[in-house]
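Undergrad: Quick one, my_file-v1.csv (CSV, C-alpha atoms):
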```csv
chain,number,residue,atom,x,y,z
A,1478,MET,CA,55.3,-42.4,126.2
A,1479,PRO,CA,52.2,-43.0,128.2
A,1480,ARG,CA,49.7,-45.7,127.3
A,1481,ILE,CA,46.9,-44.5,125.2
A,1482,VAL,CA,43.4,-45.8,125.7
A,1483,ARG,CA,40.5,-45.4,123.3
A,1484,GLU,CA,37.0,-46.7,123.8
A,1485,ALA,CA,34.0,-47.6,121.7
A,1486,GLU,CA,30.7,-49.0,122.7
A,1487,ILE,CA,27.8,-50.8,121.1
A,1488,ASP,CA,24.2,-51.5,122.1
A,1489,TRP,CA,22.7,-54.4,120.4
A,1490,GLU,CA,19.0,-55.2,120.5
A,1491,GLY,CA,17.7,-58.7,119.8
A,1492,THR,CA,19.3,-61.6,118.0
A,1493,THR,CA,22.2,-61.4,115.6
A,1494,ALA,CA,20.1,-62.4,112.6
A,1495,ARG,CA,17.2,-60.0,113.1
A,1496,GLY,CA,18.5,-57.5,115.6
A,1497,ALA,CA,20.6,-54.3,115.1
A,1498,GLY,CA,23.3,-52.4,116.9
A,1499,VAL,CA,24.5,-48.8,117.3
A,1500,VAL,CA,28.2,-48.4,117.7
A,1501,ARG,CA,29.6,-45.2,119.2
A,1502,ALA,CA,33.0,-43.6,119.6
A,1503,ALA,CA,33.0,-43.4,123.4
A,1504,SER,CA,36.3,-41.6,123.7
A,1505,THR,CA,35.5,-38.8,121.4
A,1506,GLY,CA,31.8,-38.9,120.3
A,1507,SER,CA,33.1,-38.5,116.8
A,1508,PHE,CA,30.8,-41.1,115.3
A,1509,GLU,CA,27.6,-43.0,116.0
A,1510,LEU,CA,26.8,-45.7,113.5
A,1511,SER,CA,24.3,-48.4,112.9
A,1512,ALA,CA,25.4,-52.0,112.2
A,1513,THR,CA,23.5,-55.2,111.4
A,1514,ILE,CA,24.6,-58.7,110.4
A,1515,ALA,CA,23.2,-58.1,107.0
A,1516,SER,CA,25.4,-55.0,106.5
A,1517,ARG,CA,28.3,-57.1,107.5
A,1518,ILE,CA,28.0,-60.1,105.2
A,1519,GLU,CA,25.3,-59.2,102.6
A,1520,VAL,CA,24.0,-55.9,101.3
A,1521,ILE,CA,25.6,-52.8,103.0
A,1522,GLU,CA,22.6,-50.5,102.9
A,1523,GLY,CA,24.5,-47.6,104.4
A,1524,LYS,CA,25.4,-49.4,107.6
A,1525,THR,CA,28.9,-50.1,108.8
A,1526,SER,CA,30.4,-53.4,110.0
A,1527,PRO,CA,33.5,-54.4,112.1
A,1528,GLU,CA,35.4,-55.1,108.9
A,1529,GLU,CA,34.7,-51.6,107.5
A,1530,LEU,CA,35.8,-50.1,110.9
A,1531,LEU,CA,39.0,-52.2,110.7
A,1532,ALA,CA,39.6,-50.9,107.1
A,1533,ALA,CA,39.2,-47.3,108.4
A,1534,ALA,CA,41.6,-48.1,111.3
A,1535,HIS,CA,44.2,-49.7,109.0
A,1536,ALA,CA,44.0,-46.9,106.4
A,1537,THR,CA,44.5,-44.3,109.2
A,1538,CYS,CA,47.3,-46.2,110.9
A,1539,PHE,CA,49.2,-46.7,107.6
A,1540,VAL,CA,48.8,-43.1,106.4
A,1541,THR,CA,50.4,-41.7,109.6
A,1542,SER,CA,53.3,-44.3,109.3
A,1543,LEU,CA,53.9,-43.5,105.6
A,1544,GLY,CA,54.0,-39.7,106.3
A,1545,SER,CA,56.6,-40.1,109.0
A,1546,GLU,CA,58.7,-42.5,106.9
A,1547,LEU,CA,58.7,-40.1,104.0
A,1548,ALA,CA,59.7,-37.3,106.3
A,1549,ARG,CA,62.5,-39.4,107.8
A,1550,LEU,CA,63.8,-40.0,104.2
A,1551,GLY,CA,63.9,-36.2,103.7
A,1552,ASN,CA,60.8,-36.0,101.5
A,1553,PRO,CA,57.9,-34.9,103.6
A,1554,PRO,CA,54.6,-35.5,101.8
A,1555,GLU,CA,52.3,-32.8,100.6
A,1556,ARG,CA,49.3,-35.1,100.4
A,1557,MET,CA,48.5,-38.8,100.7
A,1558,HIS,CA,45.4,-40.8,99.8
A,1559,VAL,CA,45.1,-44.4,101.2
A,1560,ARG,CA,42.4,-46.9,100.4
A,1561,CYS,CA,42.2,-50.0,102.6
A,1562,THR,CA,40.2,-53.1,101.7
A,1563,ILE,CA,39.6,-55.7,104.4
A,1564,THR,CA,38.4,-59.1,103.3
A,1565,MET,CA,36.5,-61.6,105.5
A,1566,ASP,CA,35.9,-65.1,104.1
A,1567,GLU,CA,34.6,-68.4,105.3
A,1568,VAL,CA,37.5,-70.6,106.2
A,1569,GLU,CA,37.0,-74.4,106.4
A,1570,ALA,CA,36.6,-75.6,110.0
A,1571,ALA,CA,37.1,-72.1,111.3
A,1572,GLY,CA,34.1,-70.1,110.2
A,1573,HIS,CA,34.3,-66.4,109.2
A,1574,ARG,CA,37.9,-65.1,109.4
A,1575,ILE,CA,39.5,-61.9,108.3
A,1576,VAL,CA,41.9,-63.2,105.7
A,1577,ALA,CA,43.4,-60.0,104.0
A,1578,SER,CA,44.0,-56.3,104.2
A,1579,HIS,CA,45.1,-54.5,101.1
A,1580,ILE,CA,46.5,-51.0,101.2
A,1581,ALA,CA,46.5,-48.8,98.0
A,1582,ALA,CA,48.3,-45.5,98.5
A,1583,ARG,CA,48.7,-42.5,96.3
A,1584,ALA,CA,51.0,-39.7,97.4
A,1585,VAL,CA,52.1,-36.2,96.3
A,1586,VAL,CA,55.7,-36.0,97.5
A,1587,PRO,CA,57.8,-33.1,96.2
A,1588,GLY,CA,61.3,-34.3,95.2
A,1589,ALA,CA,60.7,-38.0,95.8
A,1590,ASP,CA,61.2,-40.8,93.2
A,1591,ASP,CA,59.5,-44.1,93.0
A,1592,ALA,CA,62.3,-45.9,94.9
A,1593,THR,CA,61.9,-43.5,97.8
A,1594,LEU,CA,58.2,-44.0,98.0
A,1595,ALA,CA,58.6,-47.8,97.7
A,1596,ALA,CA,61.1,-47.7,100.6
A,1597,ALA,CA,58.9,-45.5,102.7
A,1598,ALA,CA,55.8,-47.7,102.0
A,1599,GLU,CA,57.7,-50.8,103.0
A,1600,ALA,CA,59.0,-49.2,106.2
A,1601,ALA,CA,55.5,-47.8,107.0
A,1602,ASP,CA,54.0,-51.3,106.7
A,1603,ALA,CA,56.7,-52.6,109.0
A,1604,GLY,CA,56.1,-49.8,111.5
A,1605,CYS,CA,52.3,-49.5,111.5
A,1606,PRO,CA,51.0,-51.3,114.6
A,1607,PHE,CA,47.9,-52.4,112.8
A,1608,SER,CA,49.8,-54.0,109.9
A,1609,ALA,CA,51.9,-55.9,112.5
A,1610,LEU,CA,48.8,-57.1,114.3
A,1611,ILE,CA,46.8,-58.3,111.3
A,1612,ARG,CA,49.8,-59.9,109.6
A,1613,ALA,CA,49.8,-62.5,112.4
A,1614,THR,CA,46.6,-64.0,111.0
A,1615,ALA,CA,46.0,-62.5,107.6
A,1616,THR,CA,47.7,-61.3,104.4
A,1617,VAL,CA,48.7,-57.7,104.3
A,1618,SER,CA,49.6,-56.2,100.9
A,1619,VAL,CA,50.7,-52.7,100.0
A,1620,GLU,CA,50.9,-50.8,96.8
A,1621,ALA,CA,52.0,-47.2,96.6
A,1622,VAL,CA,52.3,-44.8,93.6
A,1623,LEU,CA,53.4,-41.2,93.2
A,1624,GLU,CA,51.1,-38.6,91.9
A,1625,GLY,CA,51.8,-35.2,90.4
A,1626,GLY,CA,51.3,-32.1,92.6
A,1627,ASP,CA,48.9,-29.3,92.0
A,1628,SER,CA,51.2,-27.7,89.5
B,216,MET,CA,33.3,-63.3,101.1
B,217,ALA,CA,32.9,-59.7,102.2
B,218,ASP,CA,35.1,-56.8,101.2
B,219,ARG,CA,34.9,-53.5,103.1
B,220,THR,CA,36.8,-50.4,102.0
B,221,ALA,CA,37.8,-47.2,103.7
B,222,HIS,CA,39.5,-44.1,102.3
B,223,VAL,CA,41.9,-41.7,104.1
B,224,ILE,CA,43.6,-38.5,102.9
B,225,TRP,CA,46.5,-37.0,104.9
B,226,SER,CA,48.2,-33.7,104.2
B,227,GLY,CA,51.6,-32.7,105.6
B,228,SER,CA,53.9,-34.3,108.2
B,229,LEU,CA,52.9,-36.7,110.9
B,230,MET,CA,53.3,-34.3,113.8
B,231,GLU,CA,52.0,-31.1,112.2
B,232,GLY,CA,49.8,-32.5,109.5
B,233,ALA,CA,46.2,-33.8,109.6
B,234,GLY,CA,44.1,-36.4,108.0
B,235,THR,CA,40.5,-37.2,107.2
B,236,ILE,CA,38.8,-40.6,106.8
B,237,THR,CA,37.0,-39.2,103.8
B,238,SER,CA,34.6,-42.0,103.2
B,239,VAL,CA,33.7,-45.7,103.6
B,240,ASP,CA,32.0,-47.6,100.9
B,241,SER,CA,28.9,-48.2,102.9
B,242,GLY,CA,28.5,-44.4,103.4
B,243,ALA,CA,27.7,-45.0,107.0
B,244,PHE,CA,30.3,-42.5,108.2
B,245,GLY,CA,32.9,-40.0,107.2
B,246,PRO,CA,34.4,-37.6,107.0
B,247,LEU,CA,36.2,-38.1,110.3
B,248,ASP,CA,39.2,-36.0,111.2
B,249,VAL,CA,42.4,-37.7,112.6
B,250,THR,CA,45.7,-36.3,113.8
B,251,TRP,CA,48.7,-37.7,115.6
B,252,ALA,CA,48.0,-35.5,118.6
B,253,ALA,CA,44.5,-36.8,118.8
B,254,ARG,CA,45.7,-40.3,118.6
B,255,THR,CA,48.4,-40.1,121.3
B,256,GLU,CA,47.3,-37.2,123.5
B,257,ASP,CA,43.9,-35.5,124.1
B,258,SER,CA,41.5,-36.9,121.5
B,259,ASP,CA,39.8,-33.5,121.3
B,260,GLY,CA,36.8,-34.9,119.5
B,261,ARG,CA,38.8,-36.7,116.8
B,262,THR,CA,38.9,-40.5,116.3
B,263,SER,CA,42.0,-42.7,115.9
B,264,PRO,CA,42.8,-46.1,114.5
B,265,GLU,CA,42.6,-47.5,118.1
B,266,GLU,CA,39.1,-46.1,118.6
B,267,LEU,CA,38.0,-47.6,115.3
B,268,ILE,CA,39.5,-51.0,116.3
B,269,ALA,CA,37.6,-50.7,119.6
B,270,ALA,CA,34.4,-50.0,117.7
B,271,ALA,CA,35.1,-53.0,115.3
B,272,HIS,CA,35.8,-55.3,118.3
B,273,ALA,CA,32.8,-54.2,120.2
B,274,ALA,CA,30.5,-54.7,117.2
B,275,CYS,CA,32.0,-58.1,116.3
B,276,PHE,CA,31.8,-59.4,119.8
B,277,SER,CA,28.2,-58.3,120.2
B,278,MET,CA,27.2,-60.1,117.0
B,279,ALA,CA,29.1,-63.3,118.0
B,280,LEU,CA,27.6,-63.3,121.5
B,281,SER,CA,24.1,-62.6,120.3
B,282,HIS,CA,24.5,-65.5,117.8
B,283,GLY,CA,25.9,-67.9,120.3
B,284,LEU,CA,23.1,-67.1,122.8
B,285,ALA,CA,20.4,-67.6,120.2
B,286,GLN,CA,21.9,-70.9,119.1
B,287,ALA,CA,21.8,-72.1,122.7
B,288,GLY,CA,18.1,-71.4,122.9
B,289,THR,CA,18.4,-68.2,124.9
B,290,PRO,CA,18.4,-65.2,122.5
B,291,PRO,CA,19.4,-62.0,124.2
B,292,GLU,CA,17.0,-59.0,124.7
B,293,LYS,CA,19.9,-56.5,124.9
B,294,LEU,CA,23.7,-56.5,124.9
B,295,ASP,CA,25.5,-53.4,126.1
B,296,VAL,CA,29.2,-53.8,125.1
B,297,ASP,CA,32.2,-51.6,125.6
B,298,ALA,CA,35.7,-52.2,124.1
B,299,THR,CA,38.7,-50.3,125.3
B,300,VAL,CA,41.9,-50.6,123.2
B,301,THR,CA,45.3,-49.6,124.5
B,302,PHE,CA,48.0,-48.3,122.3
B,303,VAL,CA,51.6,-47.8,123.4
B,304,PRO,CA,53.6,-45.7,120.8
B,305,GLY,CA,56.7,-47.6,119.9
B,306,THR,CA,55.3,-50.9,121.2
B,307,GLY,CA,51.9,-51.2,119.5
B,308,ILE,CA,48.4,-52.2,120.5
B,309,THR,CA,48.8,-54.0,123.8
B,310,LYS,CA,45.2,-54.7,125.0
B,311,SER,CA,41.6,-54.9,124.1
B,312,ALA,CA,39.2,-55.1,127.1
B,313,LEU,CA,35.6,-56.0,126.4
B,314,THR,CA,32.8,-55.4,128.9
B,315,VAL,CA,29.3,-56.7,128.4
B,316,ARG,CA,26.1,-56.0,130.4
B,317,ALA,CA,23.4,-58.3,129.1
B,318,VAL,CA,19.7,-58.9,129.4
B,319,VAL,CA,19.1,-62.5,128.5
B,320,PRO,CA,15.8,-64.1,129.5
B,321,GLY,CA,16.0,-67.6,130.9
B,322,ILE,CA,19.7,-68.0,131.2
B,323,ASP,CA,21.8,-68.8,134.3
B,324,GLU,CA,25.1,-67.2,135.0
B,325,PRO,CA,27.5,-70.1,134.1
B,326,ALA,CA,25.8,-70.6,130.7
B,327,PHE,CA,26.1,-66.8,130.0
B,328,LEU,CA,29.8,-66.6,131.0
B,329,HIS,CA,30.5,-69.7,128.8
B,330,ALA,CA,28.8,-68.0,125.9
B,331,ALA,CA,30.7,-64.7,126.5
B,332,GLN,CA,34.0,-66.6,126.6
B,333,ALA,CA,33.2,-68.5,123.4
B,334,ALA,CA,32.2,-65.3,121.6
B,335,VAL,CA,35.4,-63.5,122.5
B,336,GLU,CA,37.5,-66.4,121.4
B,337,ASN,CA,35.6,-67.0,118.1
B,338,CYS,CA,34.7,-63.6,116.8
B,339,PRO,CA,36.6,-62.8,113.6
B,340,VAL,CA,38.0,-59.5,115.0
B,341,SER,CA,39.4,-61.3,118.1
B,342,GLN,CA,41.0,-63.8,115.7
B,343,ALA,CA,42.5,-60.9,113.6
B,344,LEU,CA,43.8,-59.4,116.8
B,345,ALA,CA,45.3,-62.7,118.0
B,346,ALA,CA,48.7,-61.0,118.2
B,347,VAL,CA,47.4,-58.5,120.8
B,348,PRO,CA,49.0,-59.6,124.1
B,349,GLU,CA,45.8,-59.2,126.2
B,350,ILE,CA,42.2,-59.6,125.2
B,351,THR,CA,39.8,-59.7,128.1
B,352,VAL,CA,36.1,-59.9,128.7
B,353,ASP,CA,34.1,-58.8,131.8
B,354,ALA,CA,30.6,-60.2,131.4
B,355,SER,CA,27.6,-59.8,133.6
B,356,LEU,CA,23.9,-60.2,133.5
B,357,VAL,CA,21.7,-57.3,134.5
```
With the file now loaded, output its structure as structure tokens.
TA:
Amino acid sequence: MPRIVREAEIDWEGTTARGAGVVRAASTGSFELSATIASRIEVIEGKTSPEELLAAAHATCFVTSLGSELARLGNPPERMHVRCTITMDEVEAAGHRIVASHIAARAVVPGADDATLAAAAEAADAGCPFSALIRATATVSVEAVLEGGDS
Amino acid sequence: MADRTAHVIWSGSLMEGAGTITSVDSGAFGPLDVTWAARTEDSDGRTSPEELIAAAHAACFSMALSHGLAQAGTPPEKLDVDATVTFVPGTGITKSALTVRAVVPGIDEPAFLHAAQAAVENCPVSQALAAVPEITVDASLV
């Protein structure tokens, strides 16, 4: 499999405290977002932050892993919803650090029981490249529950 | 402490299905479409976890560098930062390469390079990506 490269870029004007940035998806043009230090650590005011982008990355990475693990176990999912919460905290003598990522998944999986979903969620966490990365320096926790289908 | 949350919905299998980053709590973006093909082959206008990590790293680095330069008495006028994240399916995320072109009144090159190195080492996203084999920064004044 070839290496896959994805790019993003940001232009920042002025100082961290009073300036502001615009972050763009350079590979695809699929988003262009404003970011400030206040939106990162204080009031959000509709602006994104590195931690929110990481939450989006982890949720997306995990959901693709969970889908393939369920299919591998013979229970391809109909629909999955994943919510990821990234926590940054001030750590003594180290400053701001990303300390935790929590994944909460709900899935509609025809024919699957709780044990199947639990096994798939565990394997998905083990296989998701982002979980592996962030676990080196932060806590990763995963909860997954089955939901009823449309019927 | 700062919590940030994102939501994703995926329908169907990995290869044939598709997902949407439906929303983030700030409301700054979403919905964004994602697929496995867009992640690993042609992006075709869709984002991916790696592109989002690149955006997070670029944003974090630019804030850390701006802060470091201001603390040293040479606040920047403008920082233009790129981050390129490399994903190898089956192996994982192998590299994040940062590039910065900066306008910083009154600074000399050694001091700027020192600030850039400190920013890449200390920014929280770099720390969170500590397990990535290669994190590089190419810094220059313009």
Undergrad: What are the residues of chain A that have an atom within 6 Å of an atom of chain B, counting all atoms listed in the file, as JSON, numbers by chain?
TA: {"A": [1480, 1481, 1482, 1483, 1484, 1485, 1486, 1487, 1488, 1489, 1490, 1491, 1492, 1493, 1505, 1507, 1518, 1521, 1523, 1524, 1525, 1527, 1529, 1530, 1531, 1532, 1533, 1534, 1537, 1538, 1541, 1544, 1545, 1554, 1555, 1556, 1557, 1558, 1559, 1560, 1561, 1562, 1563, 1564, 1565, 1566, 1574, 1606, 1610, 1611, 1614]}
Undergrad: For a test of reading the model, state the distance in Å between atom CA of Cys1605 of chain A and atom CA of Ser1516 of chain A, rounded to one decimal.
TA: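 Value for the atom CA of Cys1605 of chain A-atom CA of Ser1516 of chain A distance: 27.9 Å.
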Undergrad: Distance atom CA of Leu356 of chain B-atom CA of Glu336 of chain B, one decimal place?
TA: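 Between atom CA of Leu356 of chain B and atom CA of Glu336 of chain B the gap works out to 19.2 Å.
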Undergrad: What does the distance between atom CA of Ser1511 of chain A and atom CA of Ala354 of chain B come to in Å, to one decimal place?
TA: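 Between atom CA of Ser1511 of chain A and atom CA of Ala354 of chain B the gap works out to 22.8 Å.
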Undergrad: From the list A:Glu1528, A:Asp1591, A:Glu1509, A:Glu1620, which residue is nearest Leu1547 of chain A when using only C-alpha atoms?
TA: A:Asp1591
Undergrad: Excluding same-chain residues fewer than 2 positions from Glu1546 of chain A, what lies within 8 Å of it counting only C-alpha atoms, as a list in words?
TA: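 Contacts, with the query itself left out: Ser1542, Leu1543, Gly1544, Ala1548, Arg1549, Leu1550, Ala1597, Ala1598, Ala1600 and Ala1601 of chain A.
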Undergrad: Tell me which of B:Glu231, B:Pro320, B:Ala252, B:Thr351 sits closest to Gln332 of chain B, counting all atoms listed in the file.
TA: B:Thr351
Undergrad: Could you write segment 287-305 of chain B as a PDB file, in the coordinates of the input, with N, CA and C atoms rebuilt where they are missing?
TA:
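File written: out.pdb
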```pdb
ATOM      1  N   ALA B 287      22.015 -71.309 121.494  1.00  0.00           N
ATOM      2  CA  ALA B 287      21.800 -72.100 122.700  1.00  0.00           C
ATOM      3  C   ALA B 287      20.394 -72.062 123.210  1.00  0.00           C
ATOM      4  N   GLY B 288      19.526 -71.405 122.480  1.00  0.00           N
ATOM      5  CA  GLY B 288      18.100 -71.400 122.900  1.00  0.00           C
ATOM      6  C   GLY B 288      17.750 -70.249 123.805  1.00  0.00           C
ATOM      7  N   THR B 289      18.697 -69.322 124.050  1.00  0.00           N
ATOM      8  CA  THR B 289      18.400 -68.200 124.900  1.00  0.00           C
ATOM      9  C   THR B 289      18.821 -66.879 124.251  1.00  0.00           C
ATOM     10  N   PRO B 290      18.051 -66.457 123.240  1.00  0.00           N
ATOM     11  CA  PRO B 290      18.400 -65.200 122.500  1.00  0.00           C
ATOM     12  C   PRO B 290      18.378 -64.018 123.481  1.00  0.00           C
ATOM     13  N   PRO B 291      19.298 -63.102 123.309  1.00  0.00           N
ATOM     14  CA  PRO B 291      19.400 -62.000 124.200  1.00  0.00           C
ATOM     15  C   PRO B 291      18.311 -60.920 123.880  1.00  0.00           C
ATOM     16  N   GLU B 292      17.910 -60.193 124.914  1.00  0.00           N
ATOM     17  CA  GLU B 292      17.000 -59.000 124.700  1.00  0.00           C
ATOM     18  C   GLU B 292      17.907 -57.839 124.347  1.00  0.00           C
ATOM     19  N   LYS B 293      18.987 -57.670 125.096  1.00  0.00           N
ATOM     20  CA  LYS B 293      19.900 -56.500 124.900  1.00  0.00           C
ATOM     21  C   LYS B 293      21.284 -56.826 125.344  1.00  0.00           C
ATOM     22  N   LEU B 294      22.258 -56.403 124.558  1.00  0.00           N
ATOM     23  CA  LEU B 294      23.700 -56.500 124.900  1.00  0.00           C
ATOM     24  C   LEU B 294      24.254 -55.094 124.915  1.00  0.00           C
ATOM     25  N   ASP B 295      24.888 -54.708 125.999  1.00  0.00           N
ATOM     26  CA  ASP B 295      25.500 -53.400 126.100  1.00  0.00           C
ATOM     27  C   ASP B 295      27.028 -53.652 126.215  1.00  0.00           C
ATOM     28  N   VAL B 296      27.767 -53.393 125.141  1.00  0.00           N
ATOM     29  CA  VAL B 296      29.200 -53.800 125.100  1.00  0.00           C
ATOM     30  C   VAL B 296      30.096 -52.588 124.981  1.00  0.00           C
ATOM     31  N   ASP B 297      31.158 -52.586 125.764  1.00  0.00           N
ATOM     32  CA  ASP B 297      32.200 -51.600 125.600  1.00  0.00           C
ATOM     33  C   ASP B 297      33.506 -52.310 125.211  1.00  0.00           C
ATOM     34  N   ALA B 298      34.315 -51.669 124.381  1.00  0.00           N
ATOM     35  CA  ALA B 298      35.700 -52.200 124.100  1.00  0.00           C
ATOM     36  C   ALA B 298      36.643 -51.031 124.344  1.00  0.00           C
ATOM     37  N   THR B 299      37.716 -51.321 125.060  1.00  0.00           N
ATOM     38  CA  THR B 299      38.700 -50.300 125.300  1.00  0.00           C
ATOM     39  C   THR B 299      40.062 -50.851 124.784  1.00  0.00           C
ATOM     40  N   VAL B 300      40.621 -50.142 123.802  1.00  0.00           N
ATOM     41  CA  VAL B 300      41.900 -50.600 123.200  1.00  0.00           C
ATOM     42  C   VAL B 300      43.005 -49.671 123.655  1.00  0.00           C
ATOM     43  N   THR B 301      44.113 -50.308 124.028  1.00  0.00           N
ATOM     44  CA  THR B 301      45.300 -49.600 124.500  1.00  0.00           C
ATOM     45  C   THR B 301      46.396 -49.610 123.524  1.00  0.00           C
ATOM     46  N   PHE B 302      46.930 -48.444 123.238  1.00  0.00           N
ATOM     47  CA  PHE B 302      48.000 -48.300 122.300  1.00  0.00           C
ATOM     48  C   PHE B 302      49.218 -47.677 122.958  1.00  0.00           C
ATOM     49  N   VAL B 303      50.361 -48.317 122.827  1.00  0.00           N
ATOM     50  CA  VAL B 303      51.600 -47.800 123.400  1.00  0.00           C
ATOM     51  C   VAL B 303      52.508 -47.429 122.219  1.00  0.00           C
ATOM     52  N   PRO B 304      52.697 -46.121 121.944  1.00  0.00           N
ATOM     53  CA  PRO B 304      53.600 -45.700 120.800  1.00  0.00           C
ATOM     54  C   PRO B 304      54.939 -46.375 120.944  1.00  0.00           C
ATOM     55  N   GLY B 305      55.409 -46.945 119.851  1.00  0.00           N
ATOM     56  CA  GLY B 305      56.700 -47.600 119.900  1.00  0.00           C
ATOM     57  C   GLY B 305      56.568 -49.112 120.176  1.00  0.00           C
TER      58      GLY B 305
END
```
